[in-house]
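Chemist: This one is start.cif, mmCIF, C-alpha atoms.
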data_structure
#
loop_
_atom_site.label_atom_id
_atom_site.label_comp_id
_atom_site.auth_asym_id
_atom_site.auth_seq_id
_atom_site.Cartn_x
_atom_site.Cartn_y
_atom_site.Cartn_z
CA MET A 1 149.85 130.08 119.63
CA ALA A 2 148.68 127.95 122.57
CA GLY A 3 148.22 129.70 125.87
CA GLU A 4 147.81 133.16 124.33
CA SER A 5 145.04 135.25 125.69
CA VAL A 6 143.80 138.14 123.60
CA THR A 7 140.91 140.28 124.78
CA LEU A 8 139.38 143.25 123.03
CA ILE A 9 137.34 145.58 125.21
CA GLY A 10 135.04 147.56 122.97
CA LEU A 11 131.79 149.16 122.02
CA TRP A 12 129.68 147.88 119.10
CA SER A 13 129.07 151.39 117.80
CA SER A 14 132.68 152.59 117.82
CA PRO A 15 134.61 152.79 114.53
CA PHE A 16 137.87 152.79 116.48
CA VAL A 17 137.01 149.45 118.06
CA LEU A 18 135.99 148.18 114.62
CA ARG A 19 139.48 148.96 113.29
CA VAL A 20 140.98 146.64 115.87
CA LYS A 21 138.37 143.92 115.23
CA TRP A 22 139.16 144.10 111.52
CA ALA A 23 142.89 143.72 112.15
CA LEU A 24 142.36 140.72 114.42
CA GLU A 25 139.95 139.08 111.97
CA VAL A 26 142.12 139.74 108.89
CA LYS A 27 145.04 138.11 110.68
CA GLY A 28 142.90 135.23 111.93
CA ILE A 29 143.77 135.90 115.58
CA GLU A 30 141.54 134.28 118.20
CA TYR A 31 140.27 136.76 120.74
CA GLN A 32 137.65 137.32 123.38
CA TYR A 33 135.41 140.34 122.91
CA VAL A 34 134.05 142.22 125.91
CA GLU A 35 131.33 144.82 125.39
CA GLU A 36 131.82 147.85 127.59
CA ASP A 37 129.10 150.15 128.92
CA LEU A 38 130.64 153.62 128.69
CA SER A 39 127.96 155.13 130.91
CA ASN A 40 129.03 152.72 133.63
CA LYS A 41 132.70 151.97 133.06
CA SER A 42 133.93 148.64 134.32
CA ALA A 43 136.73 148.28 136.84
CA MET A 44 138.60 146.36 134.14
CA LEU A 45 138.49 149.30 131.71
CA LEU A 46 139.62 151.78 134.36
CA GLN A 47 142.44 149.47 135.34
CA TYR A 48 143.58 148.83 131.78
CA ASN A 49 143.18 152.37 130.43
CA PRO A 50 143.58 154.74 133.36
CA VAL A 51 144.84 157.54 131.13
CA TYR A 52 141.90 157.87 128.74
CA LYS A 53 139.27 155.48 130.17
CA LYS A 54 138.14 154.72 126.61
CA VAL A 55 137.75 151.84 124.20
CA PRO A 56 139.24 150.06 122.35
CA VAL A 57 141.61 148.39 124.79
CA LEU A 58 143.52 145.31 123.73
CA VAL A 59 144.83 143.00 126.44
CA HIS A 60 147.40 140.45 125.29
CA ASP A 61 148.58 138.00 127.94
CA GLY A 62 147.61 140.49 130.62
CA LYS A 63 149.34 143.45 128.97
CA PRO A 64 146.93 146.28 128.10
CA LEU A 65 147.16 148.76 125.25
CA ALA A 66 145.00 151.72 124.35
CA GLU A 67 144.68 154.00 121.28
CA SER A 68 143.47 152.20 118.20
CA LEU A 69 146.31 153.09 115.82
CA VAL A 70 148.90 152.09 118.44
CA ILE A 71 147.02 148.81 118.87
CA LEU A 72 146.95 148.21 115.10
CA GLU A 73 150.73 148.57 114.87
CA TYR A 74 151.17 146.28 117.86
CA ILE A 75 148.98 143.61 116.28
CA ASP A 76 150.92 143.90 113.03
CA GLU A 77 154.29 143.58 114.77
CA THR A 78 153.26 140.72 117.04
CA TRP A 79 151.38 138.52 114.56
CA LYS A 80 153.39 138.43 111.36
CA GLN A 81 150.88 136.73 109.05
CA THR A 82 149.00 138.91 106.56
CA PRO A 83 151.17 141.97 107.11
CA LEU A 84 149.24 145.22 107.27
CA LEU A 85 151.96 147.83 107.12
CA PRO A 86 154.28 147.82 104.11
CA HIS A 87 157.86 146.76 104.65
CA ASP A 88 159.46 149.77 102.99
CA PRO A 89 160.13 152.59 105.51
CA TYR A 90 158.79 155.31 103.23
CA GLU A 91 155.61 153.44 102.35
CA LYS A 92 155.19 152.74 106.06
CA ALA A 93 155.52 156.44 106.85
CA LYS A 94 152.89 157.26 104.22
CA ALA A 95 150.49 154.69 105.68
CA ARG A 96 150.91 156.17 109.15
CA PHE A 97 150.48 159.66 107.72
CA TRP A 98 147.10 158.91 106.11
CA SER A 99 145.80 157.14 109.18
CA ARG A 100 146.71 160.06 111.39
CA PHE A 101 145.34 162.54 108.89
CA VAL A 102 141.92 160.93 109.27
CA ASP A 103 142.06 160.97 113.07
CA GLU A 104 143.40 164.49 113.38
CA LYS A 105 141.59 166.26 110.56
CA CYS A 106 138.57 164.27 109.38
CA VAL A 107 137.23 163.02 112.69
CA PRO A 108 136.93 166.38 114.50
CA ALA A 109 135.31 167.97 111.43
CA LEU A 110 132.92 165.03 111.11
CA ILE A 111 131.98 165.26 114.77
CA THR A 112 131.23 168.97 114.45
CA THR A 113 129.21 168.40 111.28
CA PHE A 114 127.19 165.81 113.13
CA PHE A 115 126.58 167.49 116.47
CA LYS A 116 126.50 171.19 115.67
CA GLY A 117 124.19 173.37 113.63
CA GLY A 118 124.09 176.52 111.58
CA GLU A 119 127.24 178.08 110.23
CA GLU A 120 129.53 175.98 112.40
CA GLN A 121 128.04 172.84 110.88
CA GLN A 122 128.28 174.15 107.32
CA LYS A 123 131.90 175.13 107.80
CA ALA A 124 132.74 171.73 109.30
CA GLY A 125 130.94 169.95 106.47
CA GLN A 126 133.02 171.87 103.97
CA GLU A 127 136.14 170.85 105.86
CA VAL A 128 135.12 167.19 105.74
CA ARG A 129 134.63 167.43 101.98
CA GLU A 130 138.04 169.07 101.55
CA ASN A 131 139.70 166.39 103.66
CA LEU A 132 138.00 163.64 101.66
CA LYS A 133 139.22 165.28 98.48
CA ILE A 134 142.75 165.11 99.90
CA LEU A 135 142.25 161.40 100.65
CA GLU A 136 141.02 160.94 97.07
CA GLY A 137 144.41 162.16 95.95
CA GLY A 138 146.21 159.66 98.15
CA ILE A 139 144.67 156.48 96.77
CA GLU A 140 146.93 154.25 94.69
CA GLY A 141 145.48 151.13 93.14
CA LYS A 142 142.53 149.16 94.44
CA HIS A 143 143.24 149.67 98.11
CA PHE A 144 145.16 152.41 99.80
CA GLY A 145 148.18 150.19 100.14
CA GLY A 146 147.90 148.76 96.63
CA GLU A 147 146.15 145.49 95.85
CA LYS A 148 145.69 143.86 99.24
CA ILE A 149 143.94 145.07 102.37
CA GLY A 150 146.46 146.94 104.43
CA PHE A 151 146.89 149.24 107.34
CA VAL A 152 145.32 152.31 105.80
CA ASP A 153 142.26 150.43 104.58
CA ILE A 154 141.63 149.13 108.09
CA ALA A 155 142.41 152.51 109.68
CA ILE A 156 140.12 154.60 107.51
CA GLY A 157 137.68 152.26 105.75
CA TRP A 158 135.08 152.85 108.44
CA LEU A 159 134.50 156.34 107.03
CA GLY A 160 132.77 154.71 104.07
CA TYR A 161 130.16 153.29 106.45
CA TRP A 162 129.82 156.06 109.00
CA ILE A 163 129.80 159.07 106.69
CA PRO A 164 126.69 158.03 104.71
CA ILE A 165 124.90 157.60 108.05
CA VAL A 166 125.93 161.11 109.09
CA GLU A 167 124.80 162.40 105.69
CA GLU A 168 121.39 160.80 106.14
CA ILE A 169 120.88 162.20 109.64
CA VAL A 170 122.07 165.78 109.09
CA GLY A 171 121.12 166.10 105.42
CA ILE A 172 124.51 167.33 104.22
CA ASN A 173 126.38 165.68 101.35
CA LEU A 174 129.94 164.82 102.30
CA ILE A 175 131.14 162.11 99.91
CA ASP A 176 130.72 163.69 96.51
CA LYS A 177 130.69 160.78 94.06
CA GLU A 178 131.65 163.06 91.19
CA LEU A 179 134.54 164.79 92.93
CA MET A 180 135.71 161.69 94.80
CA PRO A 181 135.09 158.73 92.49
CA LYS A 182 138.15 156.74 93.54
CA LEU A 183 137.41 157.19 97.24
CA ASP A 184 133.79 156.23 96.77
CA ALA A 185 134.73 153.11 94.79
CA TRP A 186 137.39 152.18 97.25
CA PHE A 187 135.03 152.47 100.26
CA HIS A 188 132.55 150.22 98.42
CA ASP A 189 135.15 147.57 97.60
CA PHE A 190 136.59 147.56 101.07
CA LEU A 191 133.24 147.25 102.84
CA GLU A 192 132.22 144.38 100.54
CA HIS A 193 135.25 142.28 101.47
CA PRO A 194 133.82 139.27 103.35
CA VAL A 195 136.01 139.52 106.45
CA ILE A 196 135.36 143.24 106.69
CA LYS A 197 131.64 143.03 106.00
CA GLU A 198 131.11 140.42 108.70
CA CYS A 199 132.25 142.73 111.49
CA ILE A 200 130.26 145.82 110.54
CA PRO A 201 127.41 146.70 112.92
CA PRO A 202 123.92 146.54 111.32
CA ARG A 203 123.08 149.78 109.55
CA ASP A 204 119.65 150.41 111.09
CA LYS A 205 120.94 149.79 114.57
CA LEU A 206 123.85 152.20 114.02
CA LEU A 207 121.64 154.79 112.36
CA ASN A 208 119.15 154.77 115.24
CA HIS A 209 121.90 154.83 117.82
CA ASN A 210 123.54 157.86 116.22
CA LYS A 211 120.19 159.62 115.77
CA ALA A 212 119.50 159.13 119.47
CA SER A 213 122.91 160.39 120.59
CA ARG A 214 122.49 163.46 118.41
CA LYS A 215 119.10 164.17 119.97
CA VAL A 216 120.56 163.93 123.45
CA SER A 217 123.45 166.17 122.51
CA THR A 218 121.42 168.88 120.76
CA SER A 219 118.73 168.90 123.45
CA SER A 220 121.21 169.21 126.26
CA SER A 221 123.10 172.11 124.75
CA THR A 222 121.81 175.53 125.79
CA MET B 1 174.17 152.28 105.69
CA ALA B 2 175.75 155.60 104.81
CA SER B 3 175.84 156.25 101.12
CA SER B 4 177.53 159.24 99.59
CA LYS B 5 174.60 159.43 97.17
CA GLU B 6 172.01 159.84 99.94
CA GLU B 7 170.21 163.17 99.96
CA VAL B 8 168.86 164.10 103.34
CA THR B 9 167.23 167.48 103.88
CA LEU B 10 165.37 168.92 106.84
CA LEU B 11 163.15 171.95 106.36
CA GLY B 12 162.71 173.66 109.70
CA ALA B 13 162.39 176.70 111.90
CA LYS B 14 165.03 177.13 114.56
CA GLU B 15 162.65 177.84 117.45
CA SER B 16 160.42 174.87 116.76
CA PRO B 17 160.33 172.03 119.31
CA PHE B 18 159.03 169.73 116.57
CA VAL B 19 161.97 170.44 114.31
CA CYS B 20 164.23 169.84 117.31
CA ARG B 21 162.80 166.33 117.68
CA VAL B 22 163.95 165.49 114.18
CA LYS B 23 167.38 167.04 114.73
CA ILE B 24 167.86 164.90 117.84
CA ALA B 25 166.93 161.76 115.91
CA LEU B 26 169.30 162.60 113.05
CA ASN B 27 172.11 163.47 115.42
CA LEU B 28 171.58 160.28 117.44
CA LYS B 29 172.02 158.31 114.24
CA GLY B 30 174.91 160.44 113.04
CA VAL B 31 173.13 161.11 109.75
CA GLU B 32 174.51 163.97 107.70
CA TYR B 33 171.83 166.28 106.47
CA LYS B 34 171.22 169.62 104.83
CA TYR B 35 169.22 172.03 106.94
CA VAL B 36 166.98 174.63 105.34
CA GLU B 37 165.59 177.39 107.57
CA GLU B 38 162.04 178.31 106.63
CA ASP B 39 160.47 181.71 107.10
CA LEU B 40 157.04 180.66 108.31
CA LEU B 41 155.58 184.06 107.50
CA ASN B 42 156.72 183.66 103.92
CA LYS B 43 156.62 179.94 103.15
CA SER B 44 158.88 178.71 100.42
CA GLU B 45 157.77 176.90 97.25
CA LEU B 46 159.74 173.93 98.49
CA LEU B 47 157.75 173.71 101.73
CA LEU B 48 154.43 174.07 99.97
CA LYS B 49 155.45 171.41 97.47
CA TYR B 50 156.67 168.93 100.08
CA ASN B 51 153.92 169.48 102.65
CA PRO B 52 150.87 170.68 100.75
CA ILE B 53 148.44 169.30 103.32
CA TYR B 54 149.73 170.91 106.50
CA LYS B 55 152.20 173.50 105.11
CA LYS B 56 154.26 173.18 108.30
CA VAL B 57 157.73 172.32 109.47
CA PRO B 58 159.46 170.00 110.06
CA VAL B 59 159.52 168.38 106.64
CA PHE B 60 162.05 165.66 106.04
CA VAL B 61 163.15 164.80 102.52
CA HIS B 62 165.10 161.61 101.88
CA ASN B 63 166.27 161.05 98.31
CA GLY B 64 163.49 163.28 97.03
CA LYS B 65 160.73 161.68 99.11
CA PRO B 66 159.10 164.01 101.65
CA ILE B 67 157.65 163.17 105.06
CA ALA B 68 155.77 165.51 107.39
CA GLU B 69 154.76 165.31 111.07
CA SER B 70 157.63 165.18 113.55
CA LEU B 71 156.89 161.85 115.26
CA LEU B 72 156.31 160.15 111.92
CA ILE B 73 159.65 161.52 110.72
CA VAL B 74 161.42 160.25 113.84
CA GLU B 75 159.93 156.77 113.34
CA TYR B 76 160.94 156.88 109.69
CA ILE B 77 164.51 157.80 110.63
CA ASP B 78 164.53 154.86 113.03
CA ASP B 79 163.25 152.54 110.27
CA ALA B 80 165.67 153.79 107.64
CA TRP B 81 168.83 153.88 109.76
CA LYS B 82 169.02 150.80 111.96
CA HIS B 83 171.92 151.61 114.30
CA ASN B 84 171.41 153.42 117.65
CA PRO B 85 167.73 152.45 117.80
CA ILE B 86 165.24 155.05 118.99
CA LEU B 87 162.40 152.59 119.57
CA PRO B 88 162.78 149.38 121.58
CA SER B 89 162.70 146.06 119.74
CA ASP B 90 159.93 144.46 121.81
CA PRO B 91 156.49 145.10 120.22
CA TYR B 92 154.78 145.85 123.53
CA GLN B 93 157.46 148.33 124.57
CA ARG B 94 157.27 149.90 121.11
CA ALA B 95 153.53 150.27 121.51
CA LEU B 96 153.96 151.92 124.90
CA ALA B 97 156.52 154.33 123.42
CA ARG B 98 154.08 155.29 120.68
CA PHE B 99 151.25 155.62 123.19
CA TRP B 100 153.18 158.00 125.45
CA SER B 101 154.56 160.04 122.55
CA LYS B 102 151.04 160.63 121.27
CA PHE B 103 149.92 161.40 124.80
CA ILE B 104 152.60 164.05 125.07
CA ASP B 105 151.42 165.72 121.87
CA ASP B 106 147.70 165.56 122.69
CA LYS B 107 147.70 166.07 126.44
CA VAL B 108 150.75 168.20 127.17
CA VAL B 109 151.99 170.06 124.09
CA VAL B 110 148.57 171.23 122.88
CA PRO B 111 147.24 172.46 126.25
CA ALA B 112 150.60 173.93 127.33
CA ARG B 113 150.75 176.09 124.22
CA LYS B 114 147.14 177.13 124.66
CA ALA B 115 147.77 177.91 128.34
CA VAL B 116 150.16 180.61 127.17
CA PHE B 117 149.33 181.70 123.64
CA THR B 118 145.60 182.28 123.99
CA VAL B 119 143.97 185.61 124.57
CA ASP B 120 140.93 184.30 126.45
CA GLU B 121 141.73 183.99 130.15
CA LYS B 122 139.31 181.17 130.89
CA GLU B 123 140.70 179.13 128.02
CA ARG B 124 144.23 179.74 129.30
CA GLU B 125 143.29 178.55 132.79
CA GLU B 126 141.52 175.44 131.51
CA ASN B 127 144.50 174.51 129.39
CA ALA B 128 146.91 175.13 132.25
CA GLU B 129 144.86 172.68 134.32
CA GLU B 130 144.96 170.12 131.54
CA SER B 131 148.72 170.51 131.12
CA LEU B 132 149.22 169.86 134.83
CA LYS B 133 147.14 166.69 134.59
CA GLY B 134 149.21 165.55 131.62
CA LEU B 135 152.46 166.26 133.40
CA GLN B 136 151.25 164.30 136.41
CA PHE B 137 150.73 161.20 134.28
CA LEU B 138 154.30 161.57 133.03
CA GLU B 139 155.61 162.08 136.56
CA ASN B 140 154.00 158.76 137.45
CA GLU B 141 155.40 157.13 134.35
CA ILE B 142 159.08 158.20 134.58
CA LYS B 143 159.39 156.65 138.07
CA ASP B 144 163.09 156.30 138.82
CA LYS B 145 164.24 155.75 135.27
CA LYS B 146 166.97 157.97 133.90
CA PHE B 147 165.07 158.42 130.64
CA PHE B 148 161.71 157.17 129.39
CA GLY B 149 163.77 155.03 127.05
CA GLY B 150 165.74 153.56 129.96
CA GLU B 151 169.48 154.17 130.12
CA GLU B 152 169.44 155.87 126.75
CA ILE B 153 167.01 158.35 125.26
CA GLY B 154 164.19 157.00 123.13
CA LEU B 155 161.11 158.11 121.23
CA VAL B 156 159.26 159.37 124.30
CA ASP B 157 162.23 161.43 125.49
CA ILE B 158 162.55 162.94 122.03
CA ALA B 159 158.84 163.75 121.97
CA ALA B 160 159.04 165.25 125.44
CA VAL B 161 161.95 167.62 124.75
CA PHE B 162 159.22 170.25 124.50
CA ILE B 163 158.57 169.80 128.21
CA ALA B 164 162.20 170.03 129.26
CA PHE B 165 163.21 173.03 127.17
CA TRP B 166 160.18 174.93 125.92
CA ILE B 167 157.72 174.79 128.81
CA PRO B 168 160.18 176.44 131.24
CA MET B 169 160.55 179.31 128.77
CA PHE B 170 156.81 179.61 128.19
CA GLN B 171 156.00 179.66 131.85
CA GLN B 172 158.56 182.35 132.48
CA ILE B 173 157.13 184.45 129.67
CA ALA B 174 153.56 184.10 130.90
CA GLY B 175 154.26 184.13 134.63
CA LEU B 176 152.79 180.64 135.04
CA GLU B 177 153.86 177.70 137.13
CA LEU B 178 153.41 174.56 135.10
CA PHE B 179 156.54 172.43 135.12
CA THR B 180 158.52 172.94 138.33
CA SER B 181 160.78 170.75 140.45
CA HIS B 182 158.37 171.33 143.31
CA LYS B 183 155.32 170.01 141.47
CA PHE B 184 157.03 167.25 139.47
CA PRO B 185 160.33 166.33 141.11
CA LYS B 186 161.00 163.15 139.15
CA LEU B 187 160.01 164.63 135.80
CA TYR B 188 162.03 167.74 136.51
CA LYS B 189 165.12 165.63 137.23
CA TRP B 190 164.51 163.77 133.97
CA GLY B 191 164.26 167.11 132.15
CA GLN B 192 167.63 168.23 133.45
CA GLU B 193 169.24 164.95 132.37
CA LEU B 194 167.66 165.32 128.94
CA ILE B 195 168.79 168.83 128.13
CA ASN B 196 172.29 167.97 129.30
CA HIS B 197 172.51 164.83 127.19
CA PRO B 198 175.25 165.56 124.61
CA VAL B 199 173.14 164.80 121.54
CA VAL B 200 170.17 166.77 122.83
CA LYS B 201 172.38 169.68 123.81
CA GLU B 202 173.81 169.74 120.30
CA SER B 203 170.30 169.77 118.80
CA LEU B 204 168.63 172.42 120.96
CA PRO B 205 168.42 176.00 119.72
CA PRO B 206 170.18 178.68 121.80
CA ARG B 207 168.03 179.66 124.76
CA ASP B 208 168.16 183.47 124.66
CA PRO B 209 167.15 184.09 121.04
CA THR B 210 164.46 181.38 121.35
CA PHE B 211 163.13 183.00 124.50
CA ALA B 212 163.10 186.39 122.79
CA PHE B 213 161.24 184.92 119.83
CA PHE B 214 158.42 183.48 121.94
CA LYS B 215 158.28 186.51 124.20
CA GLY B 216 157.79 188.65 121.11
CA ARG B 217 155.01 186.38 119.93
CA TYR B 218 153.32 186.47 123.34
CA GLU B 219 153.48 190.23 123.57
CA SER B 220 152.14 190.82 120.07
CA LEU B 221 149.24 188.50 120.84
CA PHE B 222 148.09 190.69 123.70
CA ALA B 223 149.07 193.95 122.06
CA SER B 224 146.65 193.34 119.21
CA LYS B 225 143.74 192.89 121.64
#
Using structure tokens, write down the structure that the file contains.
Modeler:
Amino acid sequence: MAGESVTLIGLWSSPFVLRVKWALEVKGIEYQYVEEDLSNKSAMLLQYNPVYKKVPVLVHDGKPLAESLVILEYIDETWKQTPLLPHDPYEKAKARFWSRFVDEKCVPALITTFFKGGEEQQKAGQEVRENLKILEGGIEGKHFGGEKIGFVDIAIGWLGYWIPIVEEIVGINLIDKELMPKLDAWFHDFLEHPVIKECIPPRDKLLNHNKASRKVSTSSST
Amino acid sequence: MASSKEEVTLLGAKESPFVCRVKIALNLKGVEYKYVEEDLLNKSELLLKYNPIYKKVPVFVHNGKPIAESLLIVEYIDDAWKHNPILPSDPYQRALARFWSKFIDDKVVVPARKAVFTVDEKEREENAEESLKGLQFLENEIKDKKFFGGEEIGLVDIAAVFIAFWIPMFQQIAGLELFTSHKFPKLYKWGQELINHPVVKESLPPRDPTFAFFKGRYESLFASK
């Protein structure tokens, strides 16, 4: 659409930004990407996301939106090609449910597993495994939504890339290939998809970045 | 598209603000439904079957298919019954409605509950502070609109019924000042409009028994210290 301006304000190391990138790429939407420095937030970020001051922020023709899952739905409703959410209301509700489940249950547990130690870490790790087992039960067909890449794949596929990095750094197994074969296979398939693969940050870079942020966090806690 | 063969069931608890959200949505759409009161201290087989992951209410069951999480249920109701829309039709406005509804859950509901129903004093104070910040954002957002949805109530109003009806009770129980007309004049005015809206009024639980329920919960929390 001529005259449309789409800008994504993001951070290369953020899985939430990656979700939005994936949605834009899968739909073939032209956009400008702006890398944000979260230790020195730009005036633009503070103007466009005064409530949370975080990335991702999508700006479409001057109108800003924050919160990655909200942005995903907006993208899907605005650009109708390659629909991400299913048409059926119930299937739509299920897709939203799984996406939220990851944000509300998996992410906090994963963060604790990564940044904490001792019993707190063990307990969180167990919680991550339990949550992944629940996800295992929710997979139907090749992708979460069936045969094509859909909303849930884009919303939660990043786990397949980030979790192994967490596992390597903290030395705790989270994706159990025996207990979660479907999930493991699905993560693999999704991350091999050409459009998806192209956007993923380089593994070494991400690994080192996460190692460093863990060091800072664990050294600064009393 | 009312069909006499449609089965609509809501599993709930009468004091729950989240169940109330769903009731408002159903009543706005004029959908007939069967209501099943759950005893949350003794959860039914039905609840555990329909919401194995969270084991909470509300759970909405439409023709045998269950949905959990109040805001998801409200969006589903809006998708399944097209008349009297709860979300706007414009994608950007829809996105804003979703943004603010999530904000209400994360930045107002969670801290407001913790500001009252937590034993640790420091944690209560911190959460009271956070609730006030959240309410301030909403005060700035309501401006001079009658409802967040405009002339009629929408998703954000439904999400925020917790603020209009439950927070005043909580603050009275705990002796806190969170949501007052002095601190948030525009939001307070909105709250009054909301609880007096005929559909909302019909959906709210009776105040006195609900107050007694939460007061009991508050007192037992501190009694067991």
Chemist: Translate the PyMOL selection byres ((chain A) within 6 of (chain B)), as applied to the file shown, into an explicit residue set as an mmCIF file with C-alpha atoms, in the frame of the given file.
Modeler:
data_model
loop_
_atom_site.group_PDB
_atom_site.id
_atom_site.type_symbol
_atom_site.label_atom_id
_atom_site.label_comp_id
_atom_site.auth_asym_id
_atom_site.auth_seq_id
_atom_site.Cartn_x
_atom_site.Cartn_y
_atom_site.Cartn_z
ATOM 1 C CA VAL A 70 148.900 152.090 118.440
ATOM 2 C CA TYR A 74 151.170 146.280 117.860
ATOM 3 C CA PRO A 89 160.130 152.590 105.510
#
Chemist: Go through the shown structure with the PyMOL selection byres ((chain A and resi 79-83) around 12) and write out the matching residues as a PyMOL selection string.
Modeler: (chain A and resi 1+4+6+23-30+60+71-78+84-87+92+145+148-152+154) or (chain B and resi 91)
Chemist: With the file shown as input, list the residues that the PyMOL selection byres ((chain B and resi 162) around 9) selects, as a ChimeraX atom specification.
Modeler: /B:17-18,20-21,109,158-161,163-167
Chemist: When you draw a straight line from CA of Lys34 (chain B) to CA of Gly64 (chain B), how long is it in Å?
Modeler: 12.7 Å
Chemist: So, counting all atoms listed in the file, which residue among A:Asp61, A:Ile200, A:Phe97, A:Lys54 is closest to Asn40 (chain A)?
Modeler: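 Using all atoms listed in the file, Asn40 (chain A) sits closest to A:Lys54.
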Chemist: What separation in Å, quoted to one decimal, exists between CA of Leu207 (chain A) and CA of Glu127 (chain A)?
Modeler: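 These two atoms are separated by 22.6 Å.
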Chemist: With distances taken over only C-alpha atoms, which residue among B:Trp100, B:Phe60, B:Phe117, B:Tyr50 lies nearest Gln171 (chain B)?
Modeler: B:Phe117
Chemist: Figure out the distance between CA of Ile156 (chain A) and CA of Ala95 (chain A), please, to one decimal in Å.
Modeler: 10.5 Å
Chemist: Closest to Ile86 (chain B) among B:Glu141, B:Glu219, B:Glu32, B:Glu151, using all atoms listed in the file?
Modeler: B:Glu151
Chemist: For region 129-137 of chain A, list every protein, DNA or RNA residue within 8 Å, evaluated using all atoms listed in the file, and leave out those in the same chain fewer than 6 positions away; present the list as number ranges by chain.
Modeler: A: 98, 105-106, 174-176, 179-183; B: 53
